[in-house]
file input_13.txt (compact mmCIF, C-alpha atoms)
# COMPACT_ATOMS: atom_id res chain seq x y z
CA MET M 16 0.00 0.00 0.00
CA LEU M 17 1.11 3.55 -0.65
CA THR M 18 0.44 6.73 1.29
CA SER M 19 1.65 9.23 -1.30
CA THR M 20 -0.60 12.01 -2.55
CA GLU M 21 0.84 12.10 -6.04
CA ILE M 22 -1.25 11.61 -9.17
CA LEU M 23 -0.39 8.03 -10.10
CA VAL M 24 -1.35 7.11 -13.65
CA PRO M 25 -1.36 3.31 -14.05
CA PRO M 26 0.93 2.08 -16.83
CA PHE M 27 -0.58 0.29 -19.83
CA TYR M 28 -4.07 1.16 -18.60
CA GLY M 29 -5.77 0.37 -21.89
CA GLU M 30 -3.37 -2.36 -22.97
CA MET M 31 -2.73 -4.61 -19.97
CA GLU M 32 -4.42 -7.99 -20.35
CA PRO M 33 -6.26 -9.44 -17.34
CA PRO M 34 -5.01 -12.72 -15.86
CA THR M 35 -6.89 -15.90 -16.67
CA VAL M 36 -9.56 -16.86 -14.16
CA GLY M 37 -8.06 -18.21 -10.94
CA LYS M 38 -4.69 -16.52 -11.53
CA THR M 39 -3.21 -13.42 -9.94
CA TYR M 40 -1.38 -10.28 -11.00
CA ASP M 41 0.48 -7.61 -9.09
CA ASP M 42 -0.80 -4.08 -9.46
CA PRO M 43 2.05 -2.37 -11.35
CA MET M 44 1.67 0.86 -9.41
CA PHE M 45 0.88 -0.32 -5.88
CA GLY M 46 2.32 -3.84 -5.84
CA THR M 47 -0.89 -5.36 -4.45
CA ARG M 48 -1.54 -8.97 -5.47
CA ILE M 49 -5.00 -9.40 -7.02
CA LYS M 50 -6.78 -12.62 -8.00
CA ARG M 51 -9.35 -12.96 -10.76
CA LEU M 52 -12.35 -14.92 -9.49
CA THR M 53 -14.75 -15.13 -12.43
CA ASP M 54 -14.85 -15.31 -16.21
CA SER M 55 -17.89 -13.52 -17.64
CA THR M 56 -16.49 -12.59 -21.04
CA ALA M 57 -19.04 -14.85 -22.73
CA ASP M 58 -22.23 -14.03 -20.88
CA GLY M 59 -22.22 -10.75 -18.98
CA PHE M 60 -20.94 -9.96 -15.51
CA ALA M 61 -20.38 -11.48 -12.08
CA VAL M 62 -19.60 -8.87 -9.45
CA PRO M 63 -20.48 -7.71 -5.92
CA GLU M 64 -23.94 -6.19 -5.80
CA TYR M 65 -23.03 -3.02 -3.90
CA SER M 66 -20.23 -1.76 -1.67
CA GLN M 67 -22.54 -1.36 1.36
CA SER M 68 -23.32 -5.09 1.38
CA SER M 69 -20.43 -7.45 2.05
CA ALA M 70 -19.99 -10.09 -0.65
CA VAL M 71 -17.97 -12.31 1.72
CA ASN M 72 -19.34 -14.31 4.64
CA LEU M 73 -18.34 -14.13 8.29
CA ASP M 74 -15.38 -16.53 8.14
CA ASP M 75 -14.09 -15.53 4.68
CA THR M 76 -14.87 -18.86 3.01
CA ARG M 77 -17.74 -18.00 0.61
CA ILE M 78 -18.67 -15.16 -1.73
CA LEU M 79 -22.04 -13.96 -3.09
CA LEU M 80 -22.02 -12.34 -6.53
CA VAL M 81 -24.77 -11.04 -8.81
CA HIS M 82 -24.67 -11.82 -12.52
CA LYS M 83 -26.42 -11.06 -15.76
CA GLY M 84 -30.06 -12.03 -15.64
CA ALA M 85 -30.37 -10.79 -12.03
CA GLY M 86 -29.26 -14.13 -10.62
CA VAL M 87 -27.18 -14.68 -7.49
CA ALA M 88 -24.20 -17.05 -7.55
CA LEU M 89 -22.26 -18.64 -4.70
CA TYR M 90 -18.47 -19.12 -4.87
CA ASP M 91 -15.87 -20.27 -2.42
CA ILE M 92 -13.04 -17.90 -1.52
CA GLY M 93 -10.81 -19.62 -4.07
CA GLY M 94 -13.16 -18.70 -6.91
CA ASN M 95 -14.69 -22.14 -7.36
CA VAL M 96 -18.37 -22.08 -8.33
CA LEU M 97 -20.56 -23.69 -5.67
CA SER M 98 -23.85 -22.62 -7.27
CA ARG M 99 -24.09 -20.60 -10.47
CA GLN M 100 -27.77 -19.96 -9.69
CA LEU M 101 -28.34 -20.00 -5.95
CA GLN M 102 -31.47 -21.86 -4.95
CA THR M 103 -32.88 -23.74 -2.00
CA ASN M 104 -33.15 -27.52 -1.87
CA GLY M 105 -36.84 -26.95 -2.54
CA GLY M 106 -36.07 -25.34 -5.90
CA GLU M 107 -36.69 -21.69 -4.88
CA ARG M 108 -34.39 -19.43 -6.90
CA ILE M 109 -32.70 -16.51 -5.17
CA HIS M 110 -32.29 -13.48 -7.40
CA LEU M 111 -31.25 -9.84 -7.21
CA GLY M 112 -34.62 -8.75 -5.86
CA SER M 113 -34.33 -11.27 -3.02
CA ARG M 114 -31.84 -8.97 -1.23
CA ALA M 115 -29.61 -11.90 -0.31
CA ARG M 116 -27.30 -10.83 2.54
CA TRP M 117 -24.85 -12.68 4.76
CA SER M 118 -25.63 -13.07 8.45
CA ARG M 119 -23.41 -11.20 10.90
CA THR M 120 -23.70 -14.00 13.47
CA SER M 121 -23.15 -17.18 11.41
CA PRO M 122 -20.90 -17.86 8.38
CA HIS M 123 -23.46 -20.37 7.03
CA TRP M 124 -26.58 -18.20 6.83
CA ILE M 125 -27.99 -15.98 4.12
CA TYR M 126 -31.09 -13.90 4.75
CA TYR M 127 -33.33 -13.19 1.78
CA LEU M 128 -36.85 -12.14 0.83
CA ASP M 129 -39.36 -14.48 -0.78
CA ARG M 130 -41.38 -11.84 -2.61
CA SER M 131 -44.04 -14.25 -3.80
CA ARG M 132 -45.02 -14.87 -0.16
CA THR M 133 -43.81 -11.55 1.34
CA GLN M 134 -41.77 -13.67 3.71
CA ILE M 135 -38.26 -13.20 5.12
CA ARG M 136 -36.27 -16.45 5.00
CA ARG M 137 -32.91 -17.80 6.11
CA LEU M 138 -30.86 -20.16 3.93
CA ASP M 139 -28.18 -22.46 5.34
CA VAL M 140 -25.60 -22.69 2.54
CA THR M 141 -24.17 -25.95 3.91
CA THR M 142 -27.47 -27.79 3.39
CA MET M 143 -29.38 -25.39 1.11
CA GLU M 144 -32.32 -25.70 3.49
CA ALA M 145 -34.39 -22.54 3.99
CA VAL M 146 -36.68 -21.64 6.90
CA ASP M 147 -39.15 -18.80 7.43
CA ILE M 148 -38.17 -15.95 9.73
CA GLY M 149 -41.01 -14.10 11.41
CA PRO M 150 -44.54 -13.65 10.08
CA GLN M 151 -45.81 -13.60 6.54
CA PHE M 152 -46.61 -9.96 5.80
CA ASP M 153 -49.98 -8.88 4.47
CA ARG M 154 -48.54 -6.44 1.93
CA PRO M 155 -45.33 -6.14 -0.14
CA ILE M 156 -42.18 -5.44 1.87
CA ASP M 157 -38.52 -4.79 1.28
CA PHE M 158 -35.55 -5.25 3.60
CA LEU M 159 -31.76 -5.02 3.54
CA ARG M 160 -32.04 -2.94 0.40
CA TYR M 161 -28.77 -1.20 1.21
CA GLY M 162 -26.27 -2.60 3.66
CA ASP M 163 -25.98 -5.65 5.88
CA PRO M 164 -27.76 -6.69 9.05
CA SER M 165 -26.41 -5.20 12.26
CA ASP M 166 -23.78 -7.12 14.19
CA ASP M 167 -26.57 -8.84 16.15
CA ASP M 168 -28.60 -9.60 12.98
CA ARG M 169 -31.18 -6.86 13.16
CA THR M 170 -32.58 -5.33 10.00
CA VAL M 171 -34.86 -2.58 8.71
CA VAL M 172 -38.12 -3.73 7.12
CA GLN M 173 -39.95 -1.41 4.73
CA ARG M 174 -43.70 -1.99 4.45
CA GLY M 175 -45.00 0.61 2.07
CA GLU M 176 -44.45 4.00 3.72
CA PHE M 177 -43.84 2.31 7.08
CA ILE M 178 -40.42 1.36 8.47
CA SER M 179 -39.56 -0.80 11.48
CA VAL M 180 -36.65 -2.80 12.92
CA TRP M 181 -36.81 -6.59 13.18
CA ASP M 182 -34.65 -9.19 14.90
CA LEU M 183 -33.67 -11.83 12.35
CA LEU M 184 -32.61 -14.31 15.03
CA THR M 185 -35.99 -14.35 16.81
CA GLY M 186 -38.23 -13.26 13.93
CA GLU M 187 -39.79 -10.56 16.14
CA ARG M 188 -40.27 -6.86 15.65
CA VAL M 189 -37.96 -4.77 17.84
CA SER M 190 -39.68 -1.45 17.19
CA SER M 191 -42.55 -0.60 19.53
CA GLN M 192 -44.15 1.23 16.61
CA GLU M 193 -43.61 1.68 12.88
CA LEU M 194 -42.20 4.89 11.47
CA ASP M 195 -44.77 6.48 9.15
CA THR M 196 -42.97 8.40 6.38
CA ASP M 197 -46.20 9.66 4.83
CA PRO M 198 -45.42 13.33 5.77
CA ALA M 199 -42.27 13.22 3.63
CA PRO M 200 -42.54 15.39 0.48
CA THR M 201 -40.95 12.60 -1.59
CA ALA M 202 -40.68 8.86 -1.13
CA PHE M 203 -37.61 7.51 0.61
CA GLN M 204 -35.24 5.38 -1.42
CA SER M 205 -32.72 3.92 1.00
CA THR M 206 -32.68 2.50 4.51
CA ALA M 207 -29.86 0.91 6.49
CA ILE M 208 -29.28 -0.14 10.08
CA SER M 209 -26.35 0.93 12.26
CA PRO M 210 -23.70 -1.65 13.20
CA ASP M 211 -24.90 -1.76 16.83
CA GLY M 212 -28.55 -2.19 15.79
CA ARG M 213 -29.66 0.80 17.89
CA SER M 214 -30.66 3.16 15.08
CA PHE M 215 -31.31 3.29 11.35
CA ILE M 216 -31.01 5.84 8.56
CA VAL M 217 -33.45 6.84 5.82
CA GLY M 218 -32.40 8.60 2.62
CA PHE M 219 -34.59 10.96 0.60
CA PRO M 220 -32.43 11.50 -2.51
CA ARG M 221 -35.02 13.58 -4.37
CA SER M 222 -35.47 16.03 -1.51
CA LYS M 223 -32.39 18.02 -0.54
CA GLY M 224 -32.48 20.56 2.26
CA VAL M 225 -32.23 21.08 5.99
CA ASP M 226 -35.93 20.57 6.80
CA ARG M 227 -37.47 17.37 8.16
CA TRP M 228 -37.89 14.49 5.71
CA GLN M 229 -34.99 15.72 3.56
CA GLY M 230 -31.49 14.45 2.90
CA THR M 231 -30.45 11.58 5.18
CA GLU M 232 -32.10 11.27 8.60
CA GLN M 233 -31.40 9.07 11.62
CA PHE M 234 -34.05 7.39 13.81
CA ASP M 235 -33.86 5.18 16.87
CA VAL M 236 -35.23 1.61 16.71
CA ASN M 237 -38.70 2.87 17.68
CA GLY M 238 -38.83 5.33 14.80
CA GLU M 239 -38.18 8.43 16.90
CA PHE M 240 -36.31 11.14 15.00
CA MET M 241 -32.74 11.66 16.20
CA ALA M 242 -30.97 13.95 13.71
CA GLN M 243 -30.54 14.97 10.11
CA LEU M 244 -27.12 13.58 9.24
CA ILE M 245 -26.67 15.46 5.97
CA ASP M 246 -28.87 17.50 3.63
CA SER M 247 -28.38 15.07 0.73
CA ALA M 248 -28.58 11.31 0.14
CA SER M 249 -25.59 9.84 -1.67
CA HIS M 250 -23.63 6.60 -1.67
CA ASN M 251 -22.57 5.83 1.88
CA GLY M 252 -21.39 3.15 4.27
CA LEU M 253 -22.17 2.41 7.93
CA GLY M 254 -19.38 1.13 10.14
CA LEU M 255 -17.23 1.87 13.16
CA ASP M 256 -14.75 4.72 13.17
CA GLU M 257 -11.18 4.73 14.49
CA ASN M 258 -12.55 5.14 18.03
CA GLY M 259 -14.94 2.19 17.74
CA ALA M 260 -18.04 4.42 17.50
CA PRO M 261 -20.82 3.87 14.91
CA ALA M 262 -20.57 6.34 12.04
CA LEU M 263 -21.87 7.12 8.57
CA PHE M 264 -19.24 7.58 5.86
CA THR M 265 -20.37 9.45 2.77
CA THR M 266 -19.47 12.22 0.33
CA SER M 267 -20.04 15.92 0.88
CA ALA M 268 -20.18 16.61 -2.88
CA ALA M 269 -23.99 16.73 -3.04
CA SER M 270 -24.36 18.74 0.16
CA GLN M 271 -25.15 22.44 -0.03
CA ILE M 272 -23.81 23.08 3.46
CA ASN M 273 -20.11 23.88 3.79
CA ASP M 274 -19.64 21.70 6.84
CA PRO M 275 -16.89 20.87 7.54
CA PRO M 276 -15.25 23.91 5.90
CA ASP M 277 -12.67 23.33 3.18
CA PHE M 278 -14.18 19.91 2.36
CA PRO M 279 -16.65 20.75 -0.45
CA SER M 280 -16.10 17.40 -2.21
CA ALA M 281 -14.73 14.84 0.19
CA LEU M 282 -15.11 11.69 2.21
CA ILE M 283 -16.68 12.77 5.48
CA LYS M 284 -17.55 10.95 8.69
CA ILE M 285 -20.82 11.69 10.53
CA SER M 286 -21.33 10.46 14.08
CA LEU M 287 -24.43 8.43 14.95
CA ASP M 288 -24.57 9.55 18.58
CA GLY M 289 -27.48 11.92 17.90
CA ASN M 290 -25.30 14.99 17.38
CA ALA M 291 -24.46 14.29 13.72
CA THR M 292 -20.95 15.68 14.15
CA ARG M 293 -19.18 15.88 10.79
CA THR M 294 -15.47 15.33 10.25
CA GLY M 295 -13.69 15.82 6.93
CA LEU M 296 -11.41 12.88 6.17
CA LEU M 297 -10.15 13.15 2.58
CA PRO M 298 -10.82 15.70 -0.19
CA PHE M 299 -11.48 14.53 -3.75
CA VAL M 300 -11.71 16.30 -7.08
CA TRP M 301 -15.19 17.40 -8.14
CA GLY M 302 -17.00 14.84 -10.32
CA LEU M 303 -15.18 11.75 -9.07
CA GLY M 304 -17.72 9.04 -8.21
CA MET M 305 -17.29 7.12 -4.95
CA HIS M 306 -18.63 3.96 -3.29
CA PHE M 307 -18.03 3.13 0.37
CA SER M 308 -17.63 -0.08 2.38
CA ALA M 309 -17.10 0.53 6.09
CA GLY M 310 -15.55 -2.08 8.35
CA ARG M 311 -15.57 -2.70 12.08
CA ASP M 312 -11.87 -1.93 12.59
CA GLY M 313 -12.04 1.79 11.81
CA TRP M 314 -11.19 1.47 8.10
CA VAL M 315 -13.57 2.66 5.42
CA TYR M 316 -12.81 1.42 1.90
CA VAL M 317 -13.43 3.80 -0.99
CA SER M 318 -13.63 2.76 -4.63
CA THR M 319 -13.68 5.66 -7.07
CA TYR M 320 -14.73 5.93 -10.69
CA ASP M 321 -14.66 8.65 -13.28
CA PRO M 322 -18.33 9.01 -14.24
CA GLN M 323 -17.74 10.86 -17.52
CA PRO M 324 -17.63 8.45 -20.49
CA GLY M 325 -14.91 9.24 -22.97
CA THR M 326 -12.56 10.92 -20.50
CA GLN M 327 -10.69 7.75 -19.55
CA PRO M 328 -6.97 7.69 -20.45
CA VAL M 329 -7.10 4.71 -22.77
CA ALA M 330 -4.29 5.85 -25.07
CA ALA M 331 -1.11 3.82 -25.29
CA ASN M 332 0.58 6.44 -23.13
CA PRO M 333 -2.00 7.59 -20.57
CA ALA M 334 0.58 9.89 -18.98
CA ASP M 335 -0.09 12.25 -21.89
CA ASN M 336 -3.48 12.95 -20.38
CA VAL M 337 -2.13 14.50 -17.18
CA SER M 338 -0.43 17.35 -19.01
CA GLY M 339 -2.03 20.48 -20.35
CA ASP M 340 -5.18 22.24 -19.22
CA ASP M 341 -7.51 19.23 -19.24
CA ASN M 342 -5.64 17.18 -16.61
CA LEU M 343 -8.01 14.29 -17.23
CA TRP M 344 -6.40 11.92 -14.75
CA HIS M 345 -6.94 13.27 -11.25
CA LEU M 346 -5.70 12.16 -7.85
CA TYR M 347 -7.33 8.87 -6.71
CA THR M 348 -9.03 8.27 -10.08
CA ASN M 349 -10.32 4.69 -10.48
CA GLU M 350 -8.62 3.56 -7.30
CA ILE M 351 -9.36 1.50 -4.23
CA LEU M 352 -8.09 3.09 -1.05
CA ARG M 353 -8.85 2.94 2.63
CA VAL M 354 -9.08 5.66 5.26
CA ARG M 355 -8.88 5.43 9.04
CA GLY M 356 -9.00 8.80 10.75
CA SER M 357 -6.14 10.79 9.24
CA VAL M 358 -4.42 7.71 7.72
CA VAL M 359 -4.90 7.09 3.98
CA GLU M 360 -3.59 3.95 2.28
CA ARG M 361 -3.87 3.38 -1.47
CA ILE M 362 -4.42 -0.26 -2.45
CA ALA M 363 -4.95 -0.71 -6.21
CA HIS M 364 -6.29 0.68 -9.45
CA THR M 365 -9.59 -0.90 -10.47
CA ARG M 366 -8.58 -0.74 -14.14
CA SER M 367 -12.24 -0.20 -15.02
CA THR M 368 -13.87 2.29 -17.35
CA GLY M 369 -16.38 3.21 -14.64
CA HIS M 370 -19.18 4.33 -16.96
CA ARG M 371 -22.09 5.95 -15.17
CA ASN M 372 -24.65 4.00 -17.20
CA PHE M 373 -23.22 0.62 -16.17
CA PHE M 374 -23.64 0.39 -12.41
CA TYR M 375 -21.88 -2.94 -12.00
CA GLY M 376 -18.69 -1.74 -13.69
CA GLN M 377 -18.02 0.97 -11.11
CA GLY M 378 -15.75 -1.06 -8.84
CA HIS M 379 -18.00 -1.53 -5.81
CA ALA M 380 -15.17 -2.70 -3.59
CA THR M 381 -16.64 -4.42 -0.54
CA ILE M 382 -14.79 -5.54 2.59
CA SER M 383 -15.63 -8.68 4.53
CA ALA M 384 -16.88 -8.58 8.12
CA SER M 385 -13.47 -9.75 9.33
CA GLY M 386 -11.65 -7.07 7.36
CA LYS M 387 -9.51 -9.73 5.67
CA SER M 388 -11.02 -10.05 2.17
CA LEU M 389 -11.91 -7.34 -0.34
CA VAL M 390 -13.85 -8.08 -3.54
CA PHE M 391 -14.42 -5.65 -6.41
CA GLY M 392 -15.68 -5.69 -9.99
CA THR M 393 -13.99 -4.38 -13.12
CA ASP M 394 -14.16 -4.69 -16.90
CA PHE M 395 -10.35 -4.36 -16.97
CA MET M 396 -10.71 -1.98 -19.91
CA GLN M 397 -11.59 -4.94 -22.12
CA PRO M 398 -13.52 -4.23 -25.35
CA VAL M 399 -15.83 -7.21 -24.75
CA ARG M 400 -19.22 -5.53 -24.43
CA PRO M 401 -19.05 -1.88 -23.37
CA ASP M 402 -21.41 -1.10 -20.51
CA SER M 403 -22.34 -4.73 -19.86
CA TYR M 404 -19.24 -6.73 -18.89
CA ALA M 405 -17.36 -7.00 -15.59
CA ASP M 406 -15.64 -9.70 -13.51
CA ALA M 407 -14.94 -10.10 -9.81
CA TYR M 408 -11.45 -9.83 -8.32
CA LEU M 409 -10.19 -10.61 -4.82
CA ILE M 410 -7.59 -8.92 -2.61
CA ASP M 411 -6.33 -10.61 0.54
CA ILE M 412 -6.00 -7.59 2.82
CA ASP M 413 -3.97 -9.59 5.33
CA GLY M 414 -1.49 -10.33 2.57
CA VAL M 415 -1.11 -6.73 1.48
CA SER M 416 1.99 -5.06 2.85
CA PRO M 417 0.98 -2.14 5.06
CA ALA M 418 2.25 1.27 4.22
CA PRO M 419 5.74 1.70 5.64
CA PRO M 420 6.01 3.94 8.68
CA PRO M 421 7.33 7.44 8.03
CA VAL M 422 11.09 7.56 8.01
CA GLU M 423 12.49 9.69 10.79
CA PRO M 424 15.09 12.13 9.47
CA PRO M 425 18.55 11.83 11.02
CA PRO M 426 19.28 14.26 13.83
CA VAL M 427 20.73 17.53 12.62
CA GLU M 428 23.80 18.77 14.50
CA PRO M 429 23.77 22.45 15.39
CA PRO M 430 25.89 24.49 12.97
CA THR M 431 29.38 25.55 14.03
CA ASP M 432 31.51 28.40 12.80
CA PRO M 433 33.90 27.18 10.10
CA PRO M 434 37.58 27.27 11.01
CA VAL M 435 39.83 29.97 9.60
CA ALA M 436 41.57 28.88 6.39
CA GLY M 437 44.78 27.03 7.15
CA TRP M 438 43.88 26.59 10.81
CA VAL M 439 43.77 23.09 12.26
CA ASP M 440 41.53 22.65 15.25
CA PRO M 441 43.81 21.50 18.08
CA ASN M 442 42.79 19.15 20.79
CA GLU M 443 43.03 20.27 24.39
CA GLU M 444 46.65 19.08 24.95
CA GLU M 445 47.91 20.65 21.73
CA PHE M 446 46.20 23.88 22.61
CA ASP M 447 48.01 24.02 25.97
CA ARG M 448 51.44 23.51 24.29
CA LEU M 449 50.67 26.20 21.73
CA ALA M 450 49.68 28.65 24.48
CA VAL M 451 53.04 28.09 26.21
CA ARG M 452 55.02 28.75 22.99
CA ILE M 453 53.11 31.98 22.32
CA ALA M 454 53.74 33.19 25.87
CA ASN M 455 57.48 32.52 25.54
CA ARG M 456 57.68 34.48 22.28
CA ILE M 457 55.97 37.45 23.87
CA ALA M 458 58.37 37.36 26.82
CA THR M 459 61.50 37.33 24.60
CA GLY M 460 60.17 39.91 22.14
CA GLN M 461 60.15 37.50 19.21
call {"tool": "encode", "arguments": {"input": "input_13.txt", "output": "C-alpha cells"}}
result
Amino acid sequence: MLTSTEILVPPFYGEMEPPTVGKTYDDPMFGTRIKRLTDSTADGFAVPEYSQSSAVNLDDTRILLVHKGAGVALYDIGGNVLSRQLQTNGGERIHLGSRARWSRTSPHWIYYLDRSRTQIRRLDVTTMEAVDIGPQFDRPIDFLRYGDPSDDDRTVVQRGEFISVWDLLTGERVSSQELDTDPAPTAFQSTAISPDGRSFIVGFPRSKGVDRWQGTEQFDVNGEFMAQLIDSASHNGLGLDENGAPALFTTSAASQINDPPDFPSALIKISLDGNATRTGLLPFVWGLGMHFSAGRDGWVYVSTYDPQPGTQPVAANPADNVSGDDNLWHLYTNEILRVRGSVVERIAHTRSTGHRNFFYGQGHATISASGKSLVFGTDFMQPVRPDSYADAYLIDIDGVSPAPPPVEPPPVEPPTDPPVAGWVDPNEEEFDRLAVRIANRIATGQ
C-alpha cells in the first residue's frame, strides 16, 4: 500500500491484459496482489452487488455475486463455483430482488426475501435448506435494500411507507411502533441499520435541504427522529470509526452546506450519537464518483470511478493525459483506497472504465466482516461488451503489505563556525602547548 498524494497514472491502462480466471497479477503501481475470481467474457458480468453489502461471509470462506439475468451465484473464496444460480433444496431461486445478505452472526446463513409470499427467509448454505423468519406480511415489503444486518442480525423492514426494525434471530419486531414516512414530500429510497442495531437511517435522494424528511435522517429503533445527518442522500457506508463508535461515511459533494469547511467534495464521517458531528477525512476532485464499504476496525474502503464516459486515459501512453489544461487523470481516479481517521492507504487501481450508465462496472469494492477479504468488480478496460461486462477480483487484505512507517530524518547537528583557512583545530593538549610557545615568544620579544 502507498500513502503518497501524487497523481499516479497506471501504466498500460488500456493495454494490460487481465489474468486468466483463478490466476493473480500484481498491481504495477501499488504492488498489491489481485486474484481474478470469475470469467464472464461470454455471458455478462459477475460482481459484488453493492459496496454497502459485504460479498464475503463471516469466516471468509464464501462469496455472493450477482450476474447477468439478475441471478445470485455462490463461490468459495478460491473462486470455485458452488452454485451458479443459488437456490434452496426446494427449488426456490434466489435473485437480485431477493436482497440476499450474509448473516453477521453465522458464516453459514444468508437472509433473503421471498417476494411471492412476502416472507423473510434464512438459507443455510451448507445444506441449502431454507426456513421462514417471522410472520408472513400482508402487503409487499422490502428489507436489507442497502447494507448488511447489524452485528446482532437486526434489519430494517420497509412496508409501504412504514419502516420498522426486526430481529432476524428471533423473527420478532424490535420497534414498539412503525415509522410512518407519509409526511415526507418525496418517497424515501434507501434505509440501512447501524452496526450496533440501535438506530437506522433513511435517505430521501429527491429532496435536498435542511428541513425534516430531507437528505439523510437518523431514527432510533422505535422510529423516533434523532438527527438529520446530511442534507443530501448519496452513496454511503455504515461502520465503526477509528474510536470504535458507529458512524456514517459518505461524500459531501452533493451537500449544499459547507460543513466541515474546506471539504466541499470529500469523504466525510458523521457520528451516529445523535449529534451528527461531521469530520472531513479526505478531499477529492469534483465529479469523481465514490462507493463506500465501512468495516468494524475503523477502516472505510473507498472505490472511485470517473463518471464521464470518454474521458478515460485509454491511449497507449496515458501519462499524456495528465499534461495540459484538461488534466483528465486526477488524484485517486479509479482507485481503491482505505481511510482510518487521518491515515490514507492506497491499495490498487480498479482498471475499469467506470461508466455511469453501467452500475456494476463501477468497482463496488466491498470488505468482509473480518476485514480480511476485499472483492471488487472491473471490466479491466476490455472491449468485450461496453457497458455490460465485468468480472470479480479478490484482494487478501492480510497479505497486502501495510504502508511503511514514516522515516524519521537523522538528527541535525547544530551548525558551528567554520575554522579559519589554514587553521587546524587542536585538541586540548595541543592547545596548551601552543599557548606556552606563544607566551614565551611574547616574553623574549620575538
call {"tool": "atom_distance", "arguments": {"input": "input_13.txt", "atom1": "CA of Ala207 (chain M)", "atom2": "CA of Leu409 (chain M)"}}
result
25.4 Å
call {"tool": "closest_residue", "arguments": {"input": "input_13.txt", "among": "M:Gly386, M:Gly212, M:Gly162, M:Gly304", "to": "Phe374 (chain M)", "atoms": "all atoms listed in the file"}}
result
M:Gly304
call {"tool": "atom_distance", "arguments": {"input": "input_13.txt", "atom1": "CA of Gln100 (chain M)", "atom2": "CA of Arg174 (chain M)"}}
result
27.9 Å
call {"tool": "closest_residue", "arguments": {"input": "input_13.txt", "among": "M:Asn237, M:Asn72, M:Thr231, M:Ser66", "to": "Leu194 (chain M)", "atoms": "all atoms listed in the file"}}
result
M:Asn237
call {"tool": "closest_residue", "arguments": {"input": "input_13.txt", "among": "M:Met305, M:Leu184, M:Ala407, M:Val36", "to": "Asp321 (chain M)", "atoms": "only C-alpha atoms"}}
result
M:Met305
call {"tool": "residues_around", "arguments": {"input": "input_13.txt", "residues": "Gly295 (chain M)", "least_positions_apart": "2", "cutoff": "7 Å", "atoms": "all atoms listed in the file", "output": "MDAnalysis selection string"}}
result
chainID M and resid 275 278 281:284 293 297
call {"tool": "residues_around", "arguments": {"input": "input_13.txt", "residues": "Ala405 (chain M)", "least_positions_apart": "4", "cutoff": "9 Å", "atoms": "all atoms listed in the file", "output": "number ranges by chain"}}
result
M: 54-56, 59-62, 367, 375-376, 392-395, 397
call {"tool": "residues_near_point", "arguments": {"input": "input_13.txt", "point": "(-29.5, -23.0, 6.9)", "cutoff": "12 Å", "atoms": "all atoms listed in the file", "output": "ChimeraX atom specification"}}
result
/M:103-104,117-118,121-127,136-148
call {"tool": "closest_residue", "arguments": {"input": "input_13.txt", "among": "M:Arg132, M:Leu352, M:Met44, M:Asp166", "to": "Arg154 (chain M)", "atoms": "only C-alpha atoms"}}
result
M:Arg132
call {"tool": "atom_distance", "arguments": {"input": "input_13.txt", "atom1": "CA of Ala70 (chain M)", "atom2": "CA of Asp168 (chain M)"}}
result
16.1 Å
call {"tool": "closest_residue", "arguments": {"input": "input_13.txt", "among": "M:Ser357, M:Thr185, M:Ser388, M:Gln204", "to": "Gly313 (chain M)", "atoms": "all atoms listed in the file"}}
result
M:Ser357
call {"tool": "closest_residue", "arguments": {"input": "input_13.txt", "among": "M:His379, M:Arg213, M:Lys387, M:His364", "to": "Pro43 (chain M)", "atoms": "all atoms listed in the file"}}
result
M:His364
call {"tool": "residues_near_point", "arguments": {"input": "input_13.txt", "point": "(3.1, -1.1, -4.0)", "cutoff": "9 Å", "atoms": "only C-alpha atoms", "output": "PDB file with C-alpha atoms, in the coordinates of the input"}}
result
ATOM      1  CA  MET M  16       0.000   0.000   0.000  1.00  0.00           C
ATOM      2  CA  LEU M  17       1.110   3.550  -0.650  1.00  0.00           C
ATOM      3  CA  ASP M  41       0.480  -7.610  -9.090  1.00  0.00           C
ATOM      4  CA  ASP M  42      -0.800  -4.080  -9.460  1.00  0.00           C
ATOM      5  CA  PRO M  43       2.050  -2.370 -11.350  1.00  0.00           C
ATOM      6  CA  MET M  44       1.670   0.860  -9.410  1.00  0.00           C
ATOM      7  CA  PHE M  45       0.880  -0.320  -5.880  1.00  0.00           C
ATOM      8  CA  GLY M  46       2.320  -3.840  -5.840  1.00  0.00           C
ATOM      9  CA  THR M  47      -0.890  -5.360  -4.450  1.00  0.00           C
ATOM     10  CA  ARG M 361      -3.870   3.380  -1.470  1.00  0.00           C
ATOM     11  CA  ILE M 362      -4.420  -0.260  -2.450  1.00  0.00           C
ATOM     12  CA  ALA M 363      -4.950  -0.710  -6.210  1.00  0.00           C
ATOM     13  CA  VAL M 415      -1.110  -6.730   1.480  1.00  0.00           C
ATOM     14  CA  SER M 416       1.990  -5.060   2.850  1.00  0.00           C
ATOM     15  CA  ALA M 418       2.250   1.270   4.220  1.00  0.00           C
TER      16      ALA M 418
END
call {"tool": "residues_around", "arguments": {"input": "input_13.txt", "residues": "Val96 (chain M)", "least_positions_apart": "6", "cutoff": "12 Å", "atoms": "only C-alpha atoms", "output": "VMD selection string"}}
result
chain M and resid 36 to 37 52 to 54 61 77 to 80 87 to 90
call {"tool": "write_last_selection", "arguments": {"input": "input_13.txt", "atoms": "C-alpha atoms", "output": "PDB file, in the coordinates of the input"}}
result
ATOM      1  CA  VAL M  36      -9.560 -16.860 -14.160  1.00  0.00           C
ATOM      2  CA  GLY M  37      -8.060 -18.210 -10.940  1.00  0.00           C
ATOM      3  CA  LEU M  52     -12.350 -14.920  -9.490  1.00  0.00           C
ATOM      4  CA  THR M  53     -14.750 -15.130 -12.430  1.00  0.00           C
ATOM      5  CA  ASP M  54     -14.850 -15.310 -16.210  1.00  0.00           C
ATOM      6  CA  ALA M  61     -20.380 -11.480 -12.080  1.00  0.00           C
ATOM      7  CA  ARG M  77     -17.740 -18.000   0.610  1.00  0.00           C
ATOM      8  CA  ILE M  78     -18.670 -15.160  -1.730  1.00  0.00           C
ATOM      9  CA  LEU M  79     -22.040 -13.960  -3.090  1.00  0.00           C
ATOM     10  CA  LEU M  80     -22.020 -12.340  -6.530  1.00  0.00           C
ATOM     11  CA  VAL M  87     -27.180 -14.680  -7.490  1.00  0.00           C
ATOM     12  CA  ALA M  88     -24.200 -17.050  -7.550  1.00  0.00           C
ATOM     13  CA  LEU M  89     -22.260 -18.640  -4.700  1.00  0.00           C
ATOM     14  CA  TYR M  90     -18.470 -19.120  -4.870  1.00  0.00           C
TER      15      TYR M  90
END
